[in-house]
$ cat final_15.cif   # mmCIF, C-alpha atoms and all ligand atoms
data_target
#
loop_
_atom_site.label_atom_id
_atom_site.label_comp_id
_atom_site.auth_asym_id
_atom_site.auth_seq_id
_atom_site.Cartn_x
_atom_site.Cartn_y
_atom_site.Cartn_z
CA MET A 13 27.42 71.66 -26.77
CA ALA A 14 30.16 73.33 -28.75
CA LEU A 15 31.80 74.50 -25.52
CA ALA A 16 31.72 71.16 -23.92
CA ALA A 17 33.20 69.57 -26.99
CA GLY A 18 35.98 72.17 -27.08
CA VAL A 19 36.77 71.81 -23.38
CA GLY A 20 36.76 68.08 -23.71
CA GLY A 21 39.24 68.30 -26.50
CA VAL A 22 41.90 70.09 -24.38
CA TRP A 23 41.68 68.08 -21.08
CA ALA A 24 44.82 66.05 -21.37
CA ALA A 25 46.78 68.73 -23.20
CA THR A 26 46.22 71.39 -20.53
CA ALA A 27 46.98 69.17 -17.52
CA LEU A 28 50.04 70.31 -15.64
CA PRO A 29 52.85 67.76 -15.21
CA ASN A 30 52.78 68.00 -11.33
CA MET A 31 49.09 67.42 -11.03
CA PRO A 32 47.38 63.99 -11.15
CA ALA A 33 46.01 63.31 -14.55
CA LEU A 34 42.36 64.23 -14.73
CA GLU A 35 40.11 61.36 -15.73
CA SER A 36 37.71 61.51 -18.59
CA PRO A 37 34.00 60.94 -17.69
CA ARG A 38 34.17 57.60 -19.45
CA THR A 39 37.09 56.49 -17.29
CA ILE A 40 35.26 57.61 -14.12
CA ALA A 41 32.16 55.67 -15.09
CA SER A 42 34.09 52.49 -15.76
CA ARG A 43 36.13 52.85 -12.55
CA GLU A 44 32.95 53.30 -10.53
CA ALA A 45 31.40 50.29 -12.16
CA ALA A 46 34.48 48.24 -11.26
CA GLU A 47 34.27 49.47 -7.68
CA ARG A 48 30.65 48.49 -7.44
CA ARG A 49 31.47 45.06 -8.80
CA ALA A 50 34.26 44.63 -6.25
CA GLU A 51 31.96 45.72 -3.45
CA HIS A 52 29.28 43.35 -4.65
CA ARG A 53 31.81 40.53 -4.80
CA ALA A 54 32.98 41.27 -1.28
CA PHE A 55 29.47 40.74 -0.01
CA THR A 56 28.48 37.88 -2.22
CA ALA A 57 31.71 35.97 -2.76
CA PRO A 58 30.93 33.37 -0.06
CA TYR A 59 27.68 32.67 -1.86
CA LEU A 60 28.91 32.97 -5.39
CA GLY A 61 31.56 30.39 -4.59
CA GLN A 62 28.87 27.98 -3.42
CA GLU A 63 28.22 25.21 -5.84
CA SER A 64 25.66 22.51 -5.49
CA GLN A 65 24.91 19.34 -7.33
CA GLU A 66 22.43 16.53 -7.05
CA ILE A 67 23.74 13.03 -7.54
CA ARG A 68 21.90 9.74 -7.58
CA VAL A 69 23.41 6.80 -5.78
CA ALA A 70 24.70 4.29 -8.31
CA GLN A 71 24.33 0.52 -7.91
CA GLY A 72 26.81 -0.71 -5.30
CA GLU A 73 28.03 2.78 -4.51
CA THR A 74 28.78 3.78 -0.92
CA LEU A 75 28.20 7.19 0.58
CA ALA A 76 32.00 7.72 0.68
CA ASN A 77 32.22 6.90 -3.05
CA ILE A 78 29.53 9.43 -3.84
CA LEU A 79 31.22 12.21 -1.86
CA THR A 80 34.54 11.67 -3.59
CA ARG A 81 32.89 11.20 -6.99
CA ALA A 82 31.27 14.61 -6.49
CA GLY A 83 34.64 16.20 -5.72
CA ALA A 84 35.23 15.90 -1.96
CA THR A 85 38.71 15.02 -0.77
CA PRO A 86 39.01 11.57 0.83
CA GLY A 87 39.77 13.31 4.13
CA ASP A 88 36.59 15.40 4.01
CA ALA A 89 34.55 12.42 2.86
CA ASN A 90 35.75 10.41 5.85
CA ALA A 91 35.13 13.20 8.33
CA ALA A 92 31.63 13.80 6.94
CA LEU A 93 30.86 10.10 7.02
CA THR A 94 31.91 9.80 10.65
CA SER A 95 29.43 12.49 11.60
CA VAL A 96 26.65 10.89 9.50
CA SER A 97 27.01 7.57 11.27
CA ASN A 98 25.82 9.23 14.49
CA VAL A 99 22.34 9.67 13.00
CA PHE A 100 22.15 7.29 10.05
CA ASN A 101 23.63 3.96 9.02
CA PRO A 102 25.54 4.85 5.83
CA ARG A 103 24.92 1.30 4.57
CA SER A 104 21.20 2.02 4.41
CA ILE A 105 21.72 4.30 1.43
CA ARG A 106 19.82 2.92 -1.55
CA PRO A 107 20.73 2.92 -5.25
CA GLY A 108 18.85 5.62 -7.13
CA GLN A 109 18.44 7.76 -4.03
CA PRO A 110 19.20 11.46 -4.74
CA ILE A 111 21.80 13.26 -2.63
CA SER A 112 22.31 17.03 -2.67
CA LEU A 113 25.91 18.12 -2.20
CA TYR A 114 27.24 21.62 -1.47
CA PHE A 115 30.74 22.84 -2.22
CA GLN A 116 32.71 26.03 -1.80
CA ARG A 117 34.91 26.88 -4.78
CA ARG A 118 38.36 27.78 -3.45
CA SER A 119 40.08 28.16 -6.81
CA PRO A 120 39.24 27.38 -10.40
CA GLU A 121 40.63 23.90 -9.79
CA ARG A 122 39.61 23.19 -6.21
CA VAL A 123 36.27 22.82 -4.43
CA GLU A 124 35.71 22.07 -0.76
CA LEU A 125 32.81 20.01 0.59
CA THR A 126 30.64 22.20 2.82
CA GLY A 127 27.75 19.82 3.35
CA PHE A 128 25.21 17.44 1.91
CA ALA A 129 21.67 16.27 2.55
CA PHE A 130 19.48 13.34 1.65
CA ARG A 131 16.12 11.81 2.50
CA SER A 132 16.82 9.19 5.19
CA ALA A 133 13.24 7.99 5.50
CA PRO A 134 9.85 9.29 4.39
CA GLY A 135 9.33 12.43 6.45
CA ALA A 136 12.96 12.74 7.54
CA SER A 137 16.16 14.15 6.04
CA VAL A 138 19.76 13.93 7.18
CA THR A 139 21.74 17.15 6.76
CA VAL A 140 25.49 17.34 7.17
CA ASN A 141 27.30 20.68 7.49
CA ARG A 142 30.88 21.78 7.86
CA VAL A 143 31.23 23.88 11.01
CA ALA A 144 33.77 26.62 11.84
CA SER A 145 36.28 24.13 13.28
CA GLY A 146 36.36 22.35 9.92
CA ASP A 147 34.58 19.27 11.27
CA PHE A 148 31.18 18.12 10.12
CA THR A 149 27.97 17.81 12.11
CA ALA A 150 25.04 15.71 11.04
CA ARG A 151 21.45 15.84 12.21
CA THR A 152 18.11 14.44 11.28
CA VAL A 153 15.47 16.94 10.26
CA LEU A 154 11.84 15.85 10.51
CA MET A 155 9.48 17.20 7.90
CA PRO A 156 6.06 18.52 8.85
CA LEU A 157 3.40 15.96 7.97
CA THR A 158 0.07 16.45 6.27
CA PHE A 159 -2.99 14.37 7.09
CA GLU A 160 -5.50 13.20 4.53
CA ILE A 161 -8.09 10.53 4.00
CA ALA A 162 -6.51 8.74 1.11
CA ARG A 163 -8.23 6.66 -1.51
CA VAL A 164 -6.28 4.12 -3.49
CA ALA A 165 -7.94 2.48 -6.45
CA ALA A 166 -5.86 0.34 -8.75
CA ARG A 167 -5.53 -3.08 -10.24
CA VAL A 168 -3.49 -5.98 -9.00
CA ASP A 169 -0.33 -6.34 -11.06
CA THR A 170 2.08 -8.98 -9.84
CA SER A 171 0.56 -9.08 -6.38
CA LEU A 172 -2.03 -7.15 -4.43
CA TYR A 173 0.66 -6.29 -1.89
CA ASP A 174 2.98 -4.69 -4.47
CA ALA A 175 0.20 -2.83 -6.20
CA ALA A 176 -1.17 -1.41 -2.95
CA GLN A 177 2.25 -0.41 -1.70
CA ARG A 178 3.06 1.38 -4.93
CA GLN A 179 -0.12 3.40 -4.38
CA GLY A 180 0.99 4.62 -0.95
CA ALA A 181 -0.56 2.01 1.31
CA THR A 182 1.71 0.74 4.07
CA SER A 183 2.22 -2.88 5.07
CA GLU A 184 0.05 -2.15 8.16
CA ILE A 185 -2.85 -1.14 5.94
CA ILE A 186 -2.34 -4.16 3.70
CA ALA A 187 -2.29 -6.45 6.74
CA GLN A 188 -5.56 -4.91 7.96
CA MET A 189 -7.08 -5.49 4.55
CA ALA A 190 -5.96 -9.11 4.47
CA ASP A 191 -7.62 -9.57 7.84
CA VAL A 192 -10.92 -8.13 6.60
CA PHE A 193 -11.00 -10.49 3.62
CA SER A 194 -9.70 -13.53 5.49
CA TYR A 195 -13.17 -15.09 5.68
CA ASP A 196 -13.94 -15.05 2.00
CA VAL A 197 -10.77 -14.61 -0.03
CA ASP A 198 -8.05 -17.18 -0.51
CA PHE A 199 -5.09 -14.91 -1.20
CA GLN A 200 -3.07 -17.67 -2.84
CA ARG A 201 -5.68 -18.69 -5.36
CA ASP A 202 -8.42 -16.10 -5.72
CA ILE A 203 -6.48 -12.97 -6.65
CA HIS A 204 -5.26 -12.46 -10.21
CA PRO A 205 -3.48 -9.69 -12.12
CA GLY A 206 -6.00 -7.14 -13.31
CA ASP A 207 -8.36 -7.54 -10.34
CA PRO A 208 -9.47 -4.05 -9.22
CA PHE A 209 -9.21 -3.08 -5.57
CA GLU A 210 -9.81 0.04 -3.52
CA PHE A 211 -8.77 1.18 -0.03
CA VAL A 212 -9.72 4.29 1.92
CA PHE A 213 -7.46 5.04 4.85
CA HIS A 214 -5.92 7.75 7.04
CA ARG A 215 -2.57 8.80 5.68
CA PHE A 216 0.17 11.17 6.86
CA TYR A 217 2.56 12.29 4.15
CA ASP A 218 5.65 14.49 3.91
CA ASP A 219 6.50 17.43 1.66
CA LYS A 220 7.40 15.07 -1.18
CA GLY A 221 4.06 13.33 -0.98
CA GLU A 222 5.58 10.18 0.45
CA THR A 223 3.56 8.23 2.99
CA VAL A 224 5.17 8.46 6.42
CA ARG A 225 2.56 6.53 8.32
CA THR A 226 -0.98 5.40 7.98
CA GLY A 227 -3.81 5.22 10.47
CA GLU A 228 -7.16 3.55 10.23
CA LEU A 229 -8.42 1.68 7.23
CA LEU A 230 -12.04 2.76 6.60
CA TYR A 231 -13.09 0.90 3.48
CA VAL A 232 -11.87 -1.97 1.33
CA SER A 233 -13.10 -3.51 -1.85
CA LEU A 234 -11.75 -6.25 -4.04
CA SER A 235 -13.21 -7.65 -7.23
CA THR A 236 -12.20 -11.13 -8.25
CA ASN A 237 -13.39 -13.35 -11.10
CA ASP A 238 -16.71 -14.08 -9.51
CA ARG A 239 -17.72 -10.92 -7.70
CA LYS A 240 -16.95 -7.69 -5.88
CA ARG A 241 -16.59 -7.69 -2.12
CA GLU A 242 -16.65 -4.45 -0.18
CA TYR A 243 -16.54 -3.76 3.52
CA TYR A 244 -16.90 -0.72 5.76
CA ARG A 245 -15.35 -0.21 9.16
CA PHE A 246 -17.91 0.63 11.83
CA GLN A 247 -18.02 0.57 15.59
CA ALA A 248 -21.50 -0.21 16.83
CA PRO A 249 -22.62 1.32 20.14
CA GLY A 250 -21.51 -0.96 22.97
CA ASP A 251 -18.82 -2.70 20.89
CA ARG A 252 -15.30 -2.46 22.22
CA SER A 253 -13.70 -2.23 18.80
CA PRO A 254 -14.73 -1.47 15.22
CA GLN A 255 -15.80 -4.36 13.03
CA TRP A 256 -16.18 -4.80 9.29
CA TYR A 257 -19.55 -4.95 7.57
CA ASP A 258 -20.77 -5.38 4.03
CA LEU A 259 -23.10 -2.93 2.27
CA ASP A 260 -26.08 -4.26 4.19
CA GLY A 261 -24.50 -4.20 7.63
CA ASN A 262 -23.71 -7.93 7.73
CA SER A 263 -20.47 -8.89 9.41
CA ALA A 264 -17.44 -9.68 7.27
CA ARG A 265 -16.62 -12.42 9.73
CA LYS A 266 -18.34 -15.44 8.35
CA ALA A 267 -17.74 -18.70 10.12
CA LEU A 268 -18.32 -21.95 8.28
CA MET A 269 -21.84 -23.26 8.79
CA LYS A 270 -22.08 -25.99 11.37
CA THR A 271 -25.20 -27.31 9.71
CA PRO A 272 -25.10 -27.03 5.91
CA ILE A 273 -28.60 -28.44 5.55
CA ASN A 274 -32.00 -27.28 6.65
CA GLY A 275 -34.50 -29.30 8.65
CA ALA A 276 -32.16 -32.19 9.40
CA ARG A 277 -31.31 -33.89 12.68
CA ILE A 278 -27.91 -35.19 13.73
CA SER A 279 -28.06 -38.95 13.47
CA SER A 280 -24.43 -39.53 14.36
CA GLY A 281 -21.98 -37.17 15.99
CA PHE A 282 -18.24 -36.75 15.72
CA GLY A 283 -16.14 -39.31 17.62
CA PHE A 284 -15.86 -43.08 18.21
CA ARG A 285 -18.85 -45.21 17.36
CA MET A 286 -19.68 -48.66 16.10
CA HIS A 287 -19.68 -48.50 12.33
CA PRO A 288 -23.04 -49.76 11.07
CA ILE A 289 -21.58 -51.42 7.98
CA MET A 290 -18.02 -52.30 8.95
CA GLY A 291 -19.23 -53.63 12.29
CA TYR A 292 -16.31 -52.42 14.38
CA SER A 293 -15.67 -49.39 16.48
CA ARG A 294 -13.94 -46.61 14.61
CA MET A 295 -13.54 -42.92 14.67
CA HIS A 296 -16.34 -41.03 12.95
CA ARG A 297 -14.61 -37.99 11.57
CA GLY A 298 -17.72 -36.13 10.58
CA VAL A 299 -21.30 -35.51 11.54
CA ASP A 300 -24.27 -37.28 9.97
CA PHE A 301 -27.50 -35.45 9.32
CA ALA A 302 -30.48 -37.64 8.59
CA ALA A 303 -32.77 -36.11 5.98
CA PRO A 304 -35.01 -37.29 3.17
CA SER A 305 -33.39 -37.99 -0.19
CA GLY A 306 -33.32 -34.87 -2.36
CA THR A 307 -32.97 -32.43 0.55
CA PRO A 308 -30.68 -29.58 -0.66
CA ILE A 309 -27.16 -29.43 0.76
CA MET A 310 -25.49 -26.03 1.03
CA ALA A 311 -21.85 -24.95 0.81
CA ALA A 312 -20.83 -24.27 4.42
CA GLY A 313 -18.80 -21.27 3.36
CA GLU A 314 -17.48 -19.40 0.37
CA GLY A 315 -14.83 -21.36 -1.50
CA VAL A 316 -13.74 -23.34 -4.51
CA VAL A 317 -14.87 -26.87 -5.31
CA ASP A 318 -11.87 -29.13 -5.05
CA ARG A 319 -13.58 -32.38 -5.83
CA ALA A 320 -17.03 -33.37 -7.12
CA GLY A 321 -17.61 -36.98 -8.14
CA ARG A 322 -17.67 -40.58 -6.93
CA PHE A 323 -15.24 -41.18 -4.09
CA GLY A 324 -15.25 -44.79 -2.75
CA GLY A 325 -17.39 -45.33 0.31
CA TYR A 326 -18.28 -41.64 0.36
CA GLY A 327 -20.38 -42.13 -2.76
CA ASN A 328 -21.16 -38.87 -4.56
CA TYR A 329 -18.81 -36.54 -2.81
CA VAL A 330 -18.04 -32.80 -2.88
CA ARG A 331 -15.08 -31.21 -1.22
CA ILE A 332 -14.72 -27.41 -0.98
CA ARG A 333 -11.62 -25.40 -0.19
CA HIS A 334 -12.21 -22.29 1.92
CA ALA A 335 -10.00 -19.43 3.04
CA SER A 336 -7.73 -19.78 6.08
CA ASN A 337 -6.86 -23.40 5.29
CA TYR A 338 -10.31 -24.86 5.96
CA GLU A 339 -12.04 -27.44 3.79
CA THR A 340 -15.46 -29.04 4.01
CA ALA A 341 -16.65 -32.33 2.54
CA TYR A 342 -20.16 -33.67 1.82
CA ALA A 343 -20.83 -37.35 1.16
CA HIS A 344 -23.49 -39.84 0.03
CA MET A 345 -25.27 -37.30 -2.21
CA SER A 346 -27.95 -38.52 -4.59
CA ARG A 347 -26.78 -35.97 -7.16
CA PHE A 348 -24.80 -32.76 -7.59
CA ALA A 349 -26.27 -29.33 -8.19
CA ARG A 350 -25.80 -27.76 -11.61
CA GLY A 351 -22.33 -26.30 -12.15
CA ILE A 352 -20.70 -28.07 -9.21
CA ARG A 353 -17.42 -29.34 -10.60
CA PRO A 354 -13.77 -28.98 -9.60
CA GLY A 355 -12.69 -25.34 -9.84
CA ALA A 356 -16.20 -23.90 -9.48
CA ARG A 357 -16.58 -21.07 -6.97
CA VAL A 358 -19.37 -21.39 -4.46
CA ARG A 359 -20.85 -18.93 -2.00
CA GLN A 360 -21.91 -19.65 1.51
CA GLY A 361 -25.39 -21.19 1.43
CA GLN A 362 -25.29 -22.05 -2.27
CA ILE A 363 -26.85 -25.45 -3.05
CA ILE A 364 -24.16 -27.89 -4.12
CA GLY A 365 -26.08 -31.17 -4.16
CA TYR A 366 -28.87 -33.26 -2.67
CA VAL A 367 -29.11 -35.81 0.11
CA GLY A 368 -28.87 -39.44 -0.97
CA THR A 369 -27.44 -42.74 0.17
CA THR A 370 -24.68 -43.43 -2.37
CA GLY A 371 -21.47 -45.19 -1.26
CA ALA A 372 -21.20 -47.02 2.07
CA SER A 373 -24.45 -45.76 3.56
CA THR A 374 -27.42 -47.42 5.26
CA GLY A 375 -29.98 -44.71 4.50
CA PRO A 376 -30.40 -41.19 3.18
CA HIS A 377 -28.19 -38.81 5.13
CA LEU A 378 -25.52 -36.17 4.70
CA HIS A 379 -22.09 -37.07 6.04
CA TYR A 380 -20.37 -33.71 6.66
CA GLU A 381 -16.68 -33.21 7.44
CA VAL A 382 -14.62 -30.13 8.24
CA TYR A 383 -10.87 -30.08 7.74
CA ARG A 384 -8.47 -27.63 9.27
CA GLY A 385 -5.29 -28.30 7.29
CA ALA A 386 -5.15 -32.09 6.90
CA GLN A 387 -6.99 -32.67 10.19
CA GLN A 388 -10.69 -33.41 10.44
CA ILE A 389 -12.28 -31.43 13.23
CA ASN A 390 -15.69 -31.55 14.83
CA PRO A 391 -18.01 -29.24 12.85
CA MET A 392 -20.02 -28.68 16.01
CA GLY A 393 -16.88 -27.27 17.64
CA LEU A 394 -16.44 -24.62 14.95
CA ARG A 395 -15.98 -21.13 16.26
CA VAL A 396 -19.24 -19.40 16.78
CA GLN A 397 -19.62 -16.51 14.38
CA VAL A 398 -17.66 -13.66 15.93
CA GLY A 399 -19.27 -10.88 13.99
CA ARG A 400 -22.93 -10.04 13.94
CA ASN A 401 -25.35 -8.57 11.48
CA LEU A 402 -26.56 -5.10 12.34
CA THR A 403 -30.22 -4.37 12.85
CA GLY A 404 -32.44 -1.55 14.13
CA ALA A 405 -30.75 1.60 15.42
CA ASP A 406 -27.27 0.09 14.96
CA LEU A 407 -28.03 -0.52 11.31
CA GLN A 408 -29.25 3.09 10.87
CA LEU A 409 -25.99 4.39 12.38
CA PHE A 410 -24.01 2.09 10.15
CA LEU A 411 -25.84 3.29 7.03
CA ALA A 412 -25.00 6.91 7.99
CA GLU A 413 -21.32 5.99 8.39
CA ARG A 414 -21.39 4.10 5.10
CA ALA A 415 -22.82 7.20 3.38
CA ARG A 416 -20.07 9.36 4.91
CA ILE A 417 -17.33 7.00 3.67
CA ASP A 418 -18.96 6.75 0.23
CA ARG A 419 -19.03 10.55 0.02
CA LEU A 420 -15.31 10.66 0.83
CA ARG A 421 -14.64 8.07 -1.84
CA GLU A 422 -16.63 10.07 -4.36
CA VAL A 423 -14.78 13.32 -3.60
CA ARG A 424 -11.41 11.61 -3.82
CA GLN A 425 -12.35 9.91 -7.06
CA GLN A 426 -13.40 13.24 -8.60
CA GLU A 427 -10.09 14.75 -7.55
CA THR A 428 -8.18 11.90 -9.11
CA GLU A 429 -10.16 12.16 -12.34
CA ALA A 430 -9.50 15.91 -12.46
CA GLN A 431 -5.79 15.25 -12.03
CA ILE A 432 -5.81 12.68 -14.79
CA ALA A 433 -7.73 15.08 -17.04
CA ARG A 434 -5.17 17.83 -16.40
CA ALA A 435 -2.27 15.48 -17.03
CA THR A 436 -3.92 14.29 -20.25
CA GLN A 437 -4.42 17.86 -21.45
CA VAL A 438 -0.77 18.67 -20.82
CA SER A 439 0.44 15.59 -22.63
CA GLU A 440 -1.83 16.37 -25.57
CA GLY A 441 -0.35 19.85 -25.88
CA GLY A 442 -3.40 21.66 -24.59
CA ALA A 443 -5.95 19.87 -26.71
CA SER A 444 -8.89 19.32 -24.39
CA ARG A 445 -10.13 15.99 -25.52
CA GLY A 446 -12.28 13.90 -23.23
CA LEU A 447 -11.02 10.84 -21.39
CA ALA A 448 -13.34 8.53 -23.26
CA GLU A 449 -11.59 6.40 -25.82
ZN ZN B 1 -20.88 -40.13 8.59
#
$ encode --input "final_15.cif" --output "structure tokens"
Amino acid sequence: MALAAGVGGVWAATALPNMPALESPRTIASREAAERRAEHRAFTAPYLGQESQEIRVAQGETLANILTRAGATPGDANAALTSVSNVFNPRSIRPGQPISLYFQRRSPERVELTGFAFRSAPGASVTVNRVASGDFTARTVLMPLTFEIARVAARVDTSLYDAAQRQGATSEIIAQMADVFSYDVDFQRDIHPGDPFEFVFHRFYDDKGETVRTGELLYVSLSTNDRKREYYRFQAPGDRSPQWYDLDGNSARKALMKTPINGARISSGFGFRMHPIMGYSRMHRGVDFAAPSGTPIMAAGEGVVDRAGRFGGYGNYVRIRHASNYETAYAHMSRFARGIRPGARVRQGQIIGYVGTTGASTGPHLHYEVYRGAQQINPMGLRVQVGRNLTGADLQLFLAERARIDRLREVRQQETEAQIARATQVSEGGASRGLAE
């Protein structure tokens, strides 16, 4: 130690004038460190100079605006935009959409646009890169998709459509659902904010979890003021396409009843006839069923009572509004059933009143009319029920499929609840309180 200290002390003093000055160990170490840094820079400079930023499109902002706002020269912005328009309409850019931009720092004051990327559609990105020639090339990159059987359970907010779409259902799925419910839900009047609904459907989503496309709808349910409706998709052996069935295997396709009364005979059909009271030939826009006074009259289909009271020559009269712009009317009743008043909901087959001979009537009968829009149509010409109710082996197969779908729903619901529980724990700072309030 003493030697080394002594030698160290004479280094500079003993160096000869014609020889290069010897470096102290400290100088060597710092020079080597500088060399390593320079070497490192040489390899990494192209990357170190890379800068990236993510910008969200502002209201009314164009893609060109964004590029220049981020620091691109107008020339580069134009060149990049020209290449983008080969694969994407720059006008389709939406406010709030994030765009990733990449720059090369050329000097402390100057950056150069090297590329940018953004999500052009669910499952697809547009990437734009500067190439060696200085031009830009743009291409669309498709993301790999993941398949799942998705379950959406939520409540209607402003509309069922909006609520379902926010949950990842596509307009195709929503259209399928509307079709399933078309026989017993009036979408204009029956659905209200807060009504719970559930869909189970095939979904393909991208790396960001966004729905790219949807496949088959398997299950739908909707609860409105009066009740819950739920339907399962099932293709019975021999059927050419799947149909929708309720819990018990009865078809979702419910036609209006042609004969809303039991044990009656048609006493007068639809068409021209001599009016028994008026005494002249006129169009009979309904069907008459002769039946003893007091015979129950049923609602021909699910709907809302539009009118229940005295109505001129019709006597005691009930008119019901159904889905799909159909209405039915029942005249000459002796009395109304309990609870039948305007605004009341009725189910198919529910008793709404009793046969009588009130109004312009010659004897106890039900005068029954069916309206499509404002037009009276012949009830006997109503579409025959398209769907059928499953029985026997078909019903057993259906019940197995129903159980499979219910199991899927259960698993998905448990997953969702677990997610909510985790999110709740995080927001409560780790306190593991239950979900019950
Ligand atoms: Zn009549």
$ residues_near_ligand --input "final_15.cif" --ligand "ligand ZN 1 (chain B)" --cutoff "9 Å" --atoms "only C-alpha atoms and all ligand atoms" --output "VMD selection string"
chain A and resid 279 to 282 296 to 301 326 343 to 344 373 377 to 381
$ closest_residue --input "final_15.cif" --among "A:Gly315, A:Gly393, A:Gly375, A:Gly127" --to "Gln65 in chain A" --atoms "only C-alpha atoms"
A:Gly127
$ atom_distance --input "final_15.cif" --atom1 "CA of Glu63 in chain A" --atom2 "CA of Arg81 in chain A"
14.8 Å
$ atom_distance --input "final_15.cif" --atom1 "CA of Pro254 in chain A" --atom2 "CA of Ile186 in chain A"
17.1 Å
$ residues_around --input "final_15.cif" --residues "Pro272 in chain A" --least-positions-apart "6" --cutoff "7 Å" --atoms "all atoms listed in the file" --output "list in words"
Ile309, Met310, Ala311 and Ala312 of chain A
$ residues_near_point --input "final_15.cif" --point "(-14.1, -10.5, -7.8)" --cutoff "10 Å" --atoms "all atoms listed in the file" --output "JSON, numbers by chain"
{"A": [197, 202, 203, 204, 207, 208, 209, 233, 234, 235, 236, 237, 238, 239, 240, 241]}
$ closest_residue --input "final_15.cif" --among "A:Thr158, A:Gln109, A:Ser36, A:Thr85" --to "Ala70 in chain A" --atoms "only C-alpha atoms"
A:Gln109
$ residues_around --input "final_15.cif" --residues "Thr80 in chain A" --least-positions-apart "5" --cutoff "10 Å" --atoms "only C-alpha atoms" --output "list in words"
Leu75, Thr85, Pro86, Gly87, Asp88, Ala89, Asn90 and Leu125 of chain A
$ write_last_selection --input "final_15.cif" --atoms "C-alpha atoms" --output "PDB file, in the frame of the given file"
ATOM      1  CA  LEU A  75      28.200   7.190   0.580  1.00  0.00           C
ATOM      2  CA  THR A  85      38.710  15.020  -0.770  1.00  0.00           C
ATOM      3  CA  PRO A  86      39.010  11.570   0.830  1.00  0.00           C
ATOM      4  CA  GLY A  87      39.770  13.310   4.130  1.00  0.00           C
ATOM      5  CA  ASP A  88      36.590  15.400   4.010  1.00  0.00           C
ATOM      6  CA  ALA A  89      34.550  12.420   2.860  1.00  0.00           C
ATOM      7  CA  ASN A  90      35.750  10.410   5.850  1.00  0.00           C
ATOM      8  CA  LEU A 125      32.810  20.010   0.590  1.00  0.00           C
TER       9      LEU A 125
END
$ residues_near_point --input "final_15.cif" --point "(15.2, 15.1, 11.8)" --cutoff "10 Å" --atoms "only C-alpha atoms" --output "list in words"
Val99, Arg131, Ser132, Ala133, Gly135, Ala136, Ser137, Val138, Thr139, Ala150, Arg151, Thr152, Val153, Leu154 and Met155 of chain A
$ closest_residue --input "final_15.cif" --among "A:Thr403, A:Thr428, A:Gln116, A:Thr271" --to "Tyr342 in chain A" --atoms "all atoms listed in the file"
A:Thr271
$ closest_residue --input "final_15.cif" --among "A:Arg347, A:Arg106, A:His214, A:Arg163" --to "Arg421 in chain A" --atoms "only C-alpha atoms"
A:Arg163
$ closest_residue --input "final_15.cif" --among "A:Gly313, A:Glu160, A:Glu339, A:Asp219" --to "Met269 in chain A" --atoms "all atoms listed in the file"
A:Gly313
$ closest_residue --input "final_15.cif" --among "A:Ile273, A:Leu407, A:Ala303, A:Ile352" --to "Gln247 in chain A" --atoms "all atoms listed in the file"
A:Leu407
$ atom_distance --input "final_15.cif" --atom1 "CA of Asp260 in chain A" --atom2 "CA of Val382 in chain A"
28.6 Å
$ residues_around --input "final_15.cif" --residues "Thr149 in chain A" --least-positions-apart "2" --cutoff "12 Å" --atoms "only C-alpha atoms" --output "PyMOL selection string"
chain A and resi 91-99+126-129+138-147+151-152
